[in-house]
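Just query_1.txt here, compact mmCIF, C-alpha atoms and all ligand atoms:
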# COMPACT_ATOMS: atom_id res chain seq x y z
CA MET A 1 0.32 -18.54 8.80
CA ALA A 2 1.73 -21.57 10.65
CA ARG A 3 4.64 -20.75 12.89
CA GLN A 4 7.52 -23.13 13.32
CA ALA A 5 8.21 -24.18 16.89
CA ALA A 6 11.79 -23.02 17.06
CA GLN A 7 13.81 -21.66 19.97
CA PRO A 8 12.06 -18.46 21.05
CA VAL A 9 14.11 -15.46 20.07
CA ILE A 10 12.86 -13.45 23.03
CA GLU A 11 14.44 -15.57 25.72
CA THR A 12 12.55 -14.34 28.76
CA LYS A 13 8.87 -13.47 28.46
CA ASP A 14 9.18 -10.14 30.20
CA ILE A 15 10.16 -6.58 29.49
CA ASP A 16 13.87 -7.33 30.04
CA GLY A 17 13.64 -10.07 27.44
CA VAL A 18 12.11 -7.58 24.99
CA ILE A 19 14.87 -5.05 25.69
CA ARG A 20 17.59 -7.66 25.20
CA TYR A 21 16.03 -8.70 21.91
CA MET A 22 15.74 -5.09 20.75
CA LYS A 23 19.42 -4.56 21.55
CA SER A 24 20.43 -7.63 19.56
CA ASP A 25 21.37 -7.55 15.90
CA LYS A 26 18.29 -9.69 15.16
CA CYS A 27 15.98 -6.74 15.71
CA LYS A 28 16.40 -4.20 12.94
CA LYS A 29 12.81 -3.59 11.87
CA ILE A 30 9.89 -3.04 14.21
CA MET A 31 6.27 -3.01 13.14
CA VAL A 32 3.81 -1.27 15.46
CA MET A 33 0.10 -2.06 15.63
CA ALA A 34 -1.63 0.63 17.67
CA GLY A 35 -5.11 1.13 19.09
CA ALA A 36 -7.10 3.53 21.20
CA GLY A 37 -5.16 2.55 24.37
CA ILE A 38 -2.10 4.52 23.23
CA SER A 39 -4.19 7.70 23.31
CA THR A 40 -6.17 7.29 26.53
CA SER A 41 -3.53 9.09 28.60
CA ALA A 42 -3.94 12.05 26.21
CA GLY A 43 -7.53 12.23 27.47
CA ILE A 44 -9.21 10.46 24.54
CA PRO A 45 -11.42 7.61 25.74
CA ASP A 46 -11.09 4.20 24.09
CA PHE A 47 -14.12 2.12 23.05
CA ARG A 48 -14.17 -0.81 25.38
CA THR A 49 -12.62 -0.02 28.77
CA PRO A 50 -15.53 -0.54 31.19
CA GLY A 51 -16.69 2.73 32.78
CA THR A 52 -14.53 5.18 30.83
CA GLY A 53 -14.78 3.72 27.29
CA LEU A 54 -17.00 5.44 24.72
CA TYR A 55 -19.34 2.48 24.44
CA ASP A 56 -20.29 2.88 28.10
CA ASN A 57 -20.79 6.62 27.71
CA LEU A 58 -22.94 6.99 24.65
CA ALA A 59 -26.28 6.96 26.48
CA LYS A 60 -26.81 10.68 25.94
CA LEU A 61 -26.81 10.09 22.17
CA ASN A 62 -29.87 7.79 22.36
CA LEU A 63 -28.32 5.25 20.04
CA PRO A 64 -30.09 1.95 19.35
CA TYR A 65 -26.72 0.27 20.14
CA PRO A 66 -23.26 1.88 20.65
CA GLN A 67 -21.67 0.90 17.32
CA ALA A 68 -24.48 2.69 15.44
CA VAL A 69 -22.62 5.96 15.86
CA PHE A 70 -20.01 4.62 13.41
CA GLU A 71 -22.43 3.10 10.89
CA LEU A 72 -23.09 4.85 7.60
CA GLY A 73 -26.81 4.00 7.46
CA TYR A 74 -27.41 5.45 10.91
CA PHE A 75 -25.19 8.47 10.15
CA ARG A 76 -27.25 9.32 7.06
CA GLN A 77 -30.40 9.48 9.19
CA ASN A 78 -28.93 10.86 12.42
CA PRO A 79 -25.64 12.69 11.79
CA GLN A 80 -26.01 14.70 14.99
CA ALA A 81 -25.08 11.69 17.13
CA PHE A 82 -21.72 11.35 15.38
CA TYR A 83 -21.03 15.10 15.48
CA THR A 84 -21.81 15.26 19.19
CA LEU A 85 -19.20 12.56 19.72
CA ALA A 86 -16.78 14.05 17.19
CA LYS A 87 -16.74 17.28 19.18
CA GLU A 88 -15.16 15.30 22.03
CA LEU A 89 -12.76 13.32 19.84
CA ALA A 90 -11.68 15.82 17.23
CA PRO A 91 -8.00 16.61 16.79
CA GLY A 92 -6.45 19.81 18.03
CA ARG A 93 -7.47 19.39 21.66
CA PHE A 94 -5.02 16.61 22.49
CA ARG A 95 -1.27 16.24 22.83
CA PRO A 96 0.52 13.04 21.77
CA THR A 97 1.40 10.67 24.60
CA ILE A 98 4.85 9.39 25.44
CA THR A 99 3.88 6.22 23.56
CA HIS A 100 3.42 8.26 20.37
CA ALA A 101 6.81 9.85 21.08
CA PHE A 102 8.31 6.37 21.43
CA VAL A 103 7.07 5.44 17.95
CA LYS A 104 8.66 8.63 16.61
CA LEU A 105 11.90 7.70 18.41
CA LEU A 106 11.85 4.27 16.75
CA ALA A 107 11.62 6.10 13.41
CA ASP A 108 14.51 8.41 14.39
CA LYS A 109 16.57 5.31 15.24
CA ASP A 110 15.74 3.86 11.81
CA LEU A 111 14.04 0.92 13.53
CA LEU A 112 10.45 1.61 12.52
CA GLU A 113 9.29 -0.62 9.67
CA VAL A 114 5.76 0.80 9.82
CA CYS A 115 3.16 2.00 12.29
CA TYR A 116 -0.29 0.61 11.53
CA THR A 117 -2.84 2.47 13.63
CA GLN A 118 -6.56 2.08 14.16
CA ASN A 119 -6.71 5.50 15.70
CA ILE A 120 -8.40 8.40 14.01
CA ASP A 121 -6.97 11.08 16.27
CA THR A 122 -3.89 11.82 14.07
CA LEU A 123 -1.61 11.86 17.14
CA GLU A 124 1.03 9.76 15.34
CA ARG A 125 1.35 12.57 12.79
CA ARG A 126 1.37 15.21 15.50
CA ALA A 127 4.20 13.34 17.25
CA GLY A 128 6.26 13.62 14.08
CA VAL A 129 6.25 10.00 12.94
CA PRO A 130 7.12 10.25 9.22
CA PRO A 131 3.90 10.18 7.15
CA ASN A 132 5.23 7.41 4.91
CA ALA A 133 5.65 5.17 7.97
CA ILE A 134 2.06 5.61 9.19
CA ILE A 135 -0.85 3.57 7.90
CA GLU A 136 -4.12 4.93 9.26
CA ALA A 137 -6.11 1.76 8.76
CA HIS A 138 -9.40 3.32 9.81
CA GLY A 139 -8.75 6.68 8.16
CA SER A 140 -8.61 9.85 10.20
CA PHE A 141 -10.04 13.27 10.86
CA ALA A 142 -7.35 14.78 8.62
CA THR A 143 -9.61 15.02 5.54
CA GLN A 144 -13.35 14.87 4.87
CA ARG A 145 -15.84 14.69 2.04
CA CYS A 146 -19.51 14.80 1.16
CA ILE A 147 -21.15 11.37 1.48
CA GLU A 148 -23.32 12.09 -1.59
CA CYS A 149 -21.07 13.66 -4.23
CA LYS A 150 -17.80 12.48 -2.56
CA ARG A 151 -16.08 15.82 -3.17
CA PRO A 152 -13.68 17.13 -0.49
CA PHE A 153 -14.79 19.73 2.03
CA PRO A 154 -12.57 22.59 3.28
CA ASP A 155 -10.44 21.85 6.38
CA ALA A 156 -11.07 25.18 8.10
CA THR A 157 -14.86 24.96 7.76
CA MET A 158 -14.75 21.38 9.01
CA ALA A 159 -12.67 22.40 12.02
CA ALA A 160 -15.33 24.97 12.95
CA HIS A 161 -18.07 22.32 12.77
CA LEU A 162 -16.03 19.90 14.87
CA ARG A 163 -15.53 22.61 17.47
CA ASP A 164 -19.21 23.41 17.85
CA GLY A 165 -20.62 19.94 17.11
CA SER A 166 -22.79 21.14 14.19
CA ILE A 167 -23.38 19.16 11.00
CA PRO A 168 -21.33 20.22 7.96
CA ARG A 169 -23.11 20.12 4.62
CA CYS A 170 -21.62 20.26 1.15
CA GLN A 171 -21.89 23.77 -0.30
CA LEU A 172 -20.67 22.89 -3.79
CA ASP A 173 -22.93 23.14 -6.81
CA ARG A 174 -25.25 20.20 -7.10
CA LEU A 175 -23.95 17.62 -9.57
CA PRO A 176 -26.33 16.26 -12.18
CA PRO A 177 -27.53 12.93 -10.76
CA ALA A 178 -26.24 9.74 -12.34
CA ASP A 179 -29.08 7.90 -14.09
CA ASP A 180 -29.07 4.96 -11.70
CA ALA A 181 -28.92 7.27 -8.67
CA LYS A 182 -32.06 9.16 -9.75
CA GLU A 183 -34.34 6.35 -8.70
CA HIS A 184 -32.79 6.09 -5.26
CA ARG A 185 -33.05 9.67 -4.18
CA ASP A 186 -35.29 10.08 -1.18
CA THR A 187 -38.16 12.50 -0.97
CA ALA A 188 -36.28 14.90 1.27
CA ALA A 189 -33.51 15.27 -1.26
CA GLU A 190 -36.00 15.86 -4.05
CA SER A 191 -37.86 18.55 -2.21
CA SER A 192 -34.62 20.34 -1.29
CA GLU A 193 -33.59 20.22 -4.96
CA THR A 194 -36.29 22.68 -5.78
CA GLU A 195 -35.08 25.02 -3.04
CA THR A 196 -31.33 25.02 -3.56
CA ASP A 197 -28.68 24.53 -6.21
CA VAL A 198 -26.08 23.30 -3.74
CA CYS A 199 -25.40 19.65 -3.08
CA ASN A 200 -26.22 19.91 0.62
CA GLY A 201 -25.01 16.33 1.27
CA ILE A 202 -23.77 15.56 4.77
CA VAL A 203 -20.01 15.78 5.12
CA LYS A 204 -18.16 13.01 6.95
CA PRO A 205 -14.51 12.86 8.03
CA ASP A 206 -12.58 10.23 6.07
CA ILE A 207 -12.73 7.80 8.95
CA VAL A 208 -13.80 4.27 8.13
CA PHE A 209 -17.25 3.42 9.45
CA PHE A 210 -18.34 -0.16 10.11
CA GLY A 211 -19.06 -1.85 6.80
CA GLU A 212 -16.93 0.58 4.76
CA PRO A 213 -13.84 -0.67 2.94
CA LEU A 214 -10.47 0.02 4.49
CA PRO A 215 -8.10 2.36 2.64
CA LYS A 216 -5.91 0.89 -0.09
CA ALA A 217 -2.85 1.67 2.04
CA PHE A 218 -3.99 -0.95 4.56
CA PHE A 219 -3.69 -3.72 1.96
CA ASP A 220 -0.65 -2.25 0.25
CA GLY A 221 1.18 -2.39 3.57
CA PHE A 222 0.89 -6.18 4.02
CA PRO A 223 4.50 -6.86 2.91
CA HIS A 224 5.68 -4.98 6.02
CA THR A 225 4.36 -7.84 8.16
CA LEU A 226 6.94 -10.15 6.58
CA GLU A 227 9.77 -7.63 6.81
CA ALA A 228 9.43 -7.00 10.55
CA ASP A 229 11.73 -8.60 13.14
CA LEU A 230 9.42 -7.56 15.98
CA LEU A 231 5.71 -6.78 16.18
CA LEU A 232 4.77 -4.36 18.96
CA ILE A 233 1.01 -4.42 19.54
CA MET A 234 0.00 -1.55 21.79
CA GLY A 235 -3.29 -0.39 23.32
CA THR A 236 -5.75 -2.49 21.37
CA SER A 237 -8.33 -5.13 22.22
CA LEU A 238 -7.74 -6.70 18.76
CA LYS A 239 -11.49 -7.05 18.37
CA VAL A 240 -11.84 -5.16 15.11
CA HIS A 241 -11.15 -7.06 11.90
CA PRO A 242 -9.50 -7.09 9.44
CA PHE A 243 -7.05 -4.89 11.41
CA ALA A 244 -6.56 -7.59 14.06
CA ASP A 245 -5.61 -10.11 11.37
CA LEU A 246 -2.33 -8.27 10.80
CA ALA A 247 -1.10 -9.86 14.02
CA ASP A 248 -1.25 -13.29 12.37
CA MET A 249 0.39 -12.41 9.08
CA GLY A 250 4.05 -12.23 10.06
CA VAL A 251 6.56 -14.68 11.45
CA CYS A 252 8.43 -12.52 13.96
CA PRO A 253 8.04 -12.39 17.75
CA ARG A 254 4.92 -10.55 18.91
CA VAL A 255 4.83 -8.35 22.00
CA LEU A 256 1.50 -7.18 23.37
CA ILE A 257 1.56 -4.09 25.59
CA ASN A 258 -1.97 -3.62 26.87
CA ARG A 259 -3.92 -3.37 30.10
CA ASP A 260 -5.95 -6.45 29.15
CA PRO A 261 -5.21 -9.63 27.22
CA ALA A 262 -6.02 -9.27 23.53
CA GLY A 263 -6.68 -11.66 20.67
CA ASP A 264 -4.59 -14.81 20.72
CA ILE A 265 -1.39 -13.04 21.71
CA GLY A 266 0.40 -15.31 24.15
CA SER A 267 -0.48 -18.48 22.26
CA ASN A 268 2.66 -18.57 20.08
CA HIS A 269 5.96 -19.77 21.45
CA ASP A 270 7.58 -16.44 20.62
CA ASP A 271 4.87 -14.14 22.05
CA VAL A 272 5.37 -11.86 25.05
CA VAL A 273 2.41 -10.35 26.90
CA LEU A 274 3.02 -7.27 29.04
CA LEU A 275 -0.20 -6.37 30.84
CA MET A 276 0.57 -2.79 31.77
CA SER A 277 0.12 0.80 30.66
CA CYS A 278 1.66 1.63 27.29
CA ASP A 279 3.32 4.76 28.67
CA ASP A 280 4.97 2.86 31.55
CA ALA A 281 6.12 0.11 29.21
CA VAL A 282 7.70 2.37 26.60
CA ARG A 283 9.47 4.39 29.30
CA GLU A 284 10.87 1.21 30.79
CA ILE A 285 11.96 -0.04 27.38
CA ALA A 286 13.55 3.33 26.58
CA ARG A 287 15.40 3.28 29.90
CA GLY A 288 16.67 -0.23 29.20
CA MET A 289 17.81 0.82 25.74
CA GLY A 290 19.58 3.92 27.14
CA TRP A 291 17.13 6.20 25.28
CA GLU A 292 15.14 7.73 28.13
CA GLU A 293 16.46 11.28 27.75
CA GLU A 294 15.96 11.18 24.01
CA LEU A 295 12.43 9.93 24.53
CA ASP A 296 11.63 12.81 26.86
CA ALA A 297 13.22 15.25 24.40
CA VAL A 298 11.09 13.91 21.53
CA TRP A 299 7.98 14.08 23.71
CA ALA A 300 8.76 17.62 24.85
CA LYS A 301 8.71 18.76 21.22
CA THR A 302 5.21 17.40 20.58
P1 LIG B 401 -10.67 -0.75 22.23
O1 LIG B 401 -11.44 -1.90 21.73
O2 LIG B 401 -11.39 0.28 23.02
O3 LIG B 401 -9.46 -1.34 23.10
C1 LIG B 401 -8.54 -0.53 23.74
C2 LIG B 401 -7.60 -1.41 24.54
O4 LIG B 401 -6.61 -0.57 25.08
C3 LIG B 401 -8.27 -2.16 25.68
O5 LIG B 401 -7.90 -3.52 25.61
C4 LIG B 401 -7.69 -1.50 26.95
O6 LIG B 401 -7.42 -2.43 27.97
C5 LIG B 401 -6.39 -0.94 26.44
N1 LIG B 401 -5.94 0.28 27.10
C6 LIG B 401 -6.64 1.41 27.35
N2 LIG B 401 -5.83 2.35 27.88
C7 LIG B 401 -4.59 1.78 27.96
C8 LIG B 401 -3.34 2.24 28.41
N3 LIG B 401 -3.16 3.48 28.85
N4 LIG B 401 -2.28 1.40 28.34
C9 LIG B 401 -2.43 0.13 27.89
N5 LIG B 401 -3.60 -0.35 27.44
C10 LIG B 401 -4.67 0.47 27.48
O7 LIG B 401 -9.92 0.02 21.05
P2 LIG B 401 -9.24 -0.58 19.74
O8 LIG B 401 -8.32 0.45 19.26
O9 LIG B 401 -8.76 -1.95 19.93
O10 LIG B 401 -10.51 -0.67 18.78
C11 LIG B 401 -10.48 -0.26 17.50
C12 LIG B 401 -11.36 0.96 17.24
C13 LIG B 401 -11.31 1.98 18.30
C14 LIG B 401 -10.88 1.65 16.03
O11 LIG B 401 -11.81 1.56 15.02
C15 LIG B 401 -10.66 3.12 16.41
O12 LIG B 401 -11.02 4.00 15.40
C16 LIG B 401 -11.48 3.30 17.60
N6 LIG B 401 -11.14 4.40 18.52
C17 LIG B 401 -10.12 5.26 18.26
C18 LIG B 401 -9.83 6.27 19.15
C19 LIG B 401 -8.69 7.21 18.84
O13 LIG B 401 -8.47 7.54 17.68
N7 LIG B 401 -7.95 7.65 19.86
C20 LIG B 401 -10.57 6.41 20.32
C21 LIG B 401 -11.63 5.51 20.55
C22 LIG B 401 -11.90 4.52 19.65

Now, as a test, write the supplied structure out as structure tokens.
Amino acid sequence: MARQAAQPVIETKDIDGVIRYMKSDKCKKIMVMAGAGISTSAGIPDFRTPGTGLYDNLAKLNLPYPQAVFELGYFRQNPQAFYTLAKELAPGRFRPTITHAFVKLLADKDLLEVCYTQNIDTLERRAGVPPNAIIEAHGSFATQRCIECKRPFPDATMAAHLRDGSIPRCQLDRLPPADDAKEHRDTAAESSETETDVCNGIVKPDIVFFGEPLPKAFFDGFPHTLEADLLLIMGTSLKVHPFADLADMGVCPRVLINRDPAGDIGSNHDDVVLLMSCDDAVREIARGMGWEEELDAVWAKT
């Protein structure tokens, strides 16, 4: 969407300018776009940070290329690679960061329009951000289903598999195959049919793999982009689309808080780029807003 070159509403392109804008009566609704960088201080690696990012550390999985671990075709043939990684990433082992607590505080202050997240770690939920204000654009580990019959799989059994890195398989009765699916069944499936009456399909968390459609909630949330008075983009390289496109849909000032530059943020007259750690930035913003104690109190409860 074309932006009009008007007087920037964030008058200085620094953190003080952001604080002043947030204190003003122009800033009543804040939309957050979050990525893996808001969870790295919890101990969860991101994808692309050189050295520590997952893509640099997948060698042990013998992948043809790093992204394969999140591709459905590869998963069908080699689910162990994903489950080896999932053991490291699965929820339950990690505590929300102060940045997650900041998002919860925005909700407490009635300032949070919505939090769109690419993260699958469910730390926004764990921090207490209201569920109706979270859009998990790439799904999450919160639910899971069989990739063949699409029926849900029990949470407790899944949690056990995620803990030990083993592959969960659907234990429900085998469904009669749809006529058009009959032709496509592979030999392995046909031979196992004679041995078992259970579906035995591989179970996958409801996280969005490359090439899979995004959840309906992602698209339903588009009107939020026009409601927001401020877009806070935190901890993302903005390299994954269509998520990254959200940053171009609104008309409000955009603030990037990230260690590295991302997307085209900085190119609009009303953009602010803060190249720093998310946790340091939100603490500084909270201090400037007079919220620091509340922020620590929210974080302490997570
Ligand atoms: P990415 O491409 O790895 O980018 C992360 C960005 O965060 C980079 O630009 C880093 O510079 C920056 N960064 C890292 N740590 C910090 C920090 N402490 N403070 C400020 N900036 C920091 O990750 P994206 O989220 O952009 O990519 C989207 C993928 C990553 C989504 O599909 C996710 O599902 C996927 N992912 C999610 C998780 C998670 O759920 N925690 C972890 C790893 C990957």

- prompt: CA of Leu275 (chain A) and CA of Gly35 (chain A), how far apart in Å?
  reply: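 Spanning CA of Gly35 (chain A) to CA of Leu275 (chain A) is a straight-line distance of 14.8 Å.
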
message: Between CA of Leu256 (chain A) and CA of Leu106 (chain A), what distance in Å does the model show, to one decimal?
response: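 Those two atoms sit 16.8 Å apart.
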
Counting only C-alpha atoms and all ligand atoms, which residues of chain A fall within 7 Å of ligand LIG 401 (chain B), and what is the closest atom pair for each with its distance in Å at one decimal, ordered by chain and rising number, as a tab-separated table?
residue	atom	partner	partner_atom	distance
A:Ala34	CA	B:LIG401	O8	6.9
A:Gly35	CA	B:LIG401	O8	3.3
A:Ala36	CA	B:LIG401	O8	3.8
A:Gly37	CA	B:LIG401	O4	3.5
A:Ile38	CA	B:LIG401	C8	5.8
A:Ser39	CA	B:LIG401	N7	5.1
A:Thr40	CA	B:LIG401	N2	5.1
A:Ser41	CA	B:LIG401	N3	5.6
A:Ile44	CA	B:LIG401	N7	5.6
A:Pro45	CA	B:LIG401	C21	5.6
A:Asp46	CA	B:LIG401	C21	3.8
A:Phe47	CA	B:LIG401	O2	3.3
A:Arg48	CA	B:LIG401	O2	3.8
A:Thr49	CA	B:LIG401	C4	5.5
A:Gly53	CA	B:LIG401	O2	6.4
A:Leu54	CA	B:LIG401	C21	6.8
A:Gln118	CA	B:LIG401	C14	4.7
A:Asn119	CA	B:LIG401	O13	3.3
A:Ile120	CA	B:LIG401	O13	3.8
A:Asp121	CA	B:LIG401	O13	4.1
A:His138	CA	B:LIG401	O12	5.9
A:Met234	CA	B:LIG401	C9	6.8
A:Gly235	CA	B:LIG401	O4	3.8
A:Thr236	CA	B:LIG401	O9	3.4
A:Ser237	CA	B:LIG401	O5	3.8
A:Leu238	CA	B:LIG401	O9	5.0
A:Lys239	CA	B:LIG401	O9	6.0
A:Val240	CA	B:LIG401	C11	5.6
A:Ile257	CA	B:LIG401	C9	6.2
A:Asn258	CA	B:LIG401	N5	3.7
A:Arg259	CA	B:LIG401	N5	4.0
A:Asp260	CA	B:LIG401	O6	4.4
A:Pro261	CA	B:LIG401	O5	6.9
A:Ala262	CA	B:LIG401	O5	6.4
A:Met276	CA	B:LIG401	C9	5.7
A:Ser277	CA	B:LIG401	N4	3.4
A:Cys278	CA	B:LIG401	N4	4.1
A:Asp279	CA	B:LIG401	N4	6.5

Writer output for current selection, C-alpha atoms, as a PDB file, keeping the file's coordinate frame:
ATOM      1  CA  ALA A  34      -1.630   0.630  17.670  1.00  0.00           C
ATOM      2  CA  GLY A  35      -5.110   1.130  19.090  1.00  0.00           C
ATOM      3  CA  ALA A  36      -7.100   3.530  21.200  1.00  0.00           C
ATOM      4  CA  GLY A  37      -5.160   2.550  24.370  1.00  0.00           C
ATOM      5  CA  ILE A  38      -2.100   4.520  23.230  1.00  0.00           C
ATOM      6  CA  SER A  39      -4.190   7.700  23.310  1.00  0.00           C
ATOM      7  CA  THR A  40      -6.170   7.290  26.530  1.00  0.00           C
ATOM      8  CA  SER A  41      -3.530   9.090  28.600  1.00  0.00           C
ATOM      9  CA  ILE A  44      -9.210  10.460  24.540  1.00  0.00           C
ATOM     10  CA  PRO A  45     -11.420   7.610  25.740  1.00  0.00           C
ATOM     11  CA  ASP A  46     -11.090   4.200  24.090  1.00  0.00           C
ATOM     12  CA  PHE A  47     -14.120   2.120  23.050  1.00  0.00           C
ATOM     13  CA  ARG A  48     -14.170  -0.810  25.380  1.00  0.00           C
ATOM     14  CA  THR A  49     -12.620  -0.020  28.770  1.00  0.00           C
ATOM     15  CA  GLY A  53     -14.780   3.720  27.290  1.00  0.00           C
ATOM     16  CA  LEU A  54     -17.000   5.440  24.720  1.00  0.00           C
ATOM     17  CA  GLN A 118      -6.560   2.080  14.160  1.00  0.00           C
ATOM     18  CA  ASN A 119      -6.710   5.500  15.700  1.00  0.00           C
ATOM     19  CA  ILE A 120      -8.400   8.400  14.010  1.00  0.00           C
ATOM     20  CA  ASP A 121      -6.970  11.080  16.270  1.00  0.00           C
ATOM     21  CA  HIS A 138      -9.400   3.320   9.810  1.00  0.00           C
ATOM     22  CA  MET A 234       0.000  -1.550  21.790  1.00  0.00           C
ATOM     23  CA  GLY A 235      -3.290  -0.390  23.320  1.00  0.00           C
ATOM     24  CA  THR A 236      -5.750  -2.490  21.370  1.00  0.00           C
ATOM     25  CA  SER A 237      -8.330  -5.130  22.220  1.00  0.00           C
ATOM     26  CA  LEU A 238      -7.740  -6.700  18.760  1.00  0.00           C
ATOM     27  CA  LYS A 239     -11.490  -7.050  18.370  1.00  0.00           C
ATOM     28  CA  VAL A 240     -11.840  -5.160  15.110  1.00  0.00           C
ATOM     29  CA  ILE A 257       1.560  -4.090  25.590  1.00  0.00           C
ATOM     30  CA  ASN A 258      -1.970  -3.620  26.870  1.00  0.00           C
ATOM     31  CA  ARG A 259      -3.920  -3.370  30.100  1.00  0.00           C
ATOM     32  CA  ASP A 260      -5.950  -6.450  29.150  1.00  0.00           C
ATOM     33  CA  PRO A 261      -5.210  -9.630  27.220  1.00  0.00           C
ATOM     34  CA  ALA A 262      -6.020  -9.270  23.530  1.00  0.00           C
ATOM     35  CA  MET A 276       0.570  -2.790  31.770  1.00  0.00           C
ATOM     36  CA  SER A 277       0.120   0.800  30.660  1.00  0.00           C
ATOM     37  CA  CYS A 278       1.660   1.630  27.290  1.00  0.00           C
ATOM     38  CA  ASP A 279       3.320   4.760  28.670  1.00  0.00           C
TER      39      ASP A 279
END

- request: Figure out the distance between CA of Ile15 (chain A) and CA of Leu274 (chain A), please, to one decimal in Å.
  value: 7.2 Å

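Checking A:Phe141, A:Phe222, A:Phe70, A:Trp299 one by one against Leu58 (chain A), counting all atoms listed in the file, you find the shortest gap at A:Phe70.
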
- request: Pick out the residues sitting within 7 Å of Ile147 (chain A), and hand them over as a list in words; count only C-alpha atoms, and ignore anything fewer than 4 positions along from it in its own chain.
  value: Gly201, Ile202, Val203 and Lys204 of chain A

Please write a file for region 263-277 of chain A, taken from the block I just shared, that holds N, CA, C and O atoms and is laid out as a compact mmCIF listing (two decimals), in the first residue's frame.
# COMPACT_ATOMS: atom_id res chain seq x y z
N GLY A 263 13.94 -6.94 6.11
CA GLY A 263 13.00 -6.50 5.09
C GLY A 263 13.34 -5.09 4.62
O GLY A 263 14.51 -4.71 4.54
N ASP A 264 12.28 -4.33 4.36
CA ASP A 264 12.50 -2.95 3.89
C ASP A 264 12.25 -1.95 5.02
O ASP A 264 12.04 -0.76 4.75
N ILE A 265 12.27 -2.44 6.25
CA ILE A 265 11.97 -1.52 7.36
C ILE A 265 13.10 -0.50 7.46
O ILE A 265 14.29 -0.86 7.52
N GLY A 266 12.71 0.75 7.48
CA GLY A 266 13.69 1.84 7.42
C GLY A 266 13.49 2.65 6.15
O GLY A 266 13.95 3.79 6.05
N SER A 267 12.76 2.07 5.19
CA SER A 267 12.60 2.77 3.91
C SER A 267 11.42 3.74 3.91
O SER A 267 11.33 4.60 3.04
N ASN A 268 10.50 3.60 4.85
CA ASN A 268 9.38 4.55 4.91
C ASN A 268 9.72 5.73 5.81
O ASN A 268 10.48 5.58 6.77
N HIS A 269 9.09 6.84 5.54
CA HIS A 269 9.42 8.05 6.30
C HIS A 269 9.06 7.91 7.78
O HIS A 269 9.63 8.58 8.63
N ASP A 270 8.12 7.01 8.08
CA ASP A 270 7.71 6.88 9.48
C ASP A 270 8.24 5.59 10.13
O ASP A 270 7.71 5.13 11.13
N ASP A 271 9.29 4.99 9.55
CA ASP A 271 9.89 3.80 10.16
C ASP A 271 10.95 4.19 11.19
O ASP A 271 11.63 5.22 11.03
N VAL A 272 11.11 3.31 12.19
CA VAL A 272 12.22 3.45 13.14
C VAL A 272 12.90 2.09 13.23
O VAL A 272 12.22 1.06 13.37
N VAL A 273 14.22 2.07 13.14
CA VAL A 273 14.95 0.80 13.21
C VAL A 273 15.84 0.83 14.46
O VAL A 273 16.71 1.70 14.59
N LEU A 274 15.60 -0.11 15.36
CA LEU A 274 16.39 -0.20 16.59
C LEU A 274 17.17 -1.51 16.53
O LEU A 274 16.60 -2.58 16.77
N LEU A 275 18.44 -1.43 16.16
CA LEU A 275 19.23 -2.65 16.03
C LEU A 275 19.81 -3.01 17.40
O LEU A 275 20.89 -2.56 17.79
N MET A 276 19.05 -3.79 18.13
CA MET A 276 19.45 -4.16 19.49
C MET A 276 18.69 -5.40 19.92
O MET A 276 17.84 -5.90 19.20
N SER A 277 19.00 -5.89 21.13
CA SER A 277 18.29 -7.08 21.61
C SER A 277 16.86 -6.70 21.98
O SER A 277 16.60 -5.60 22.50
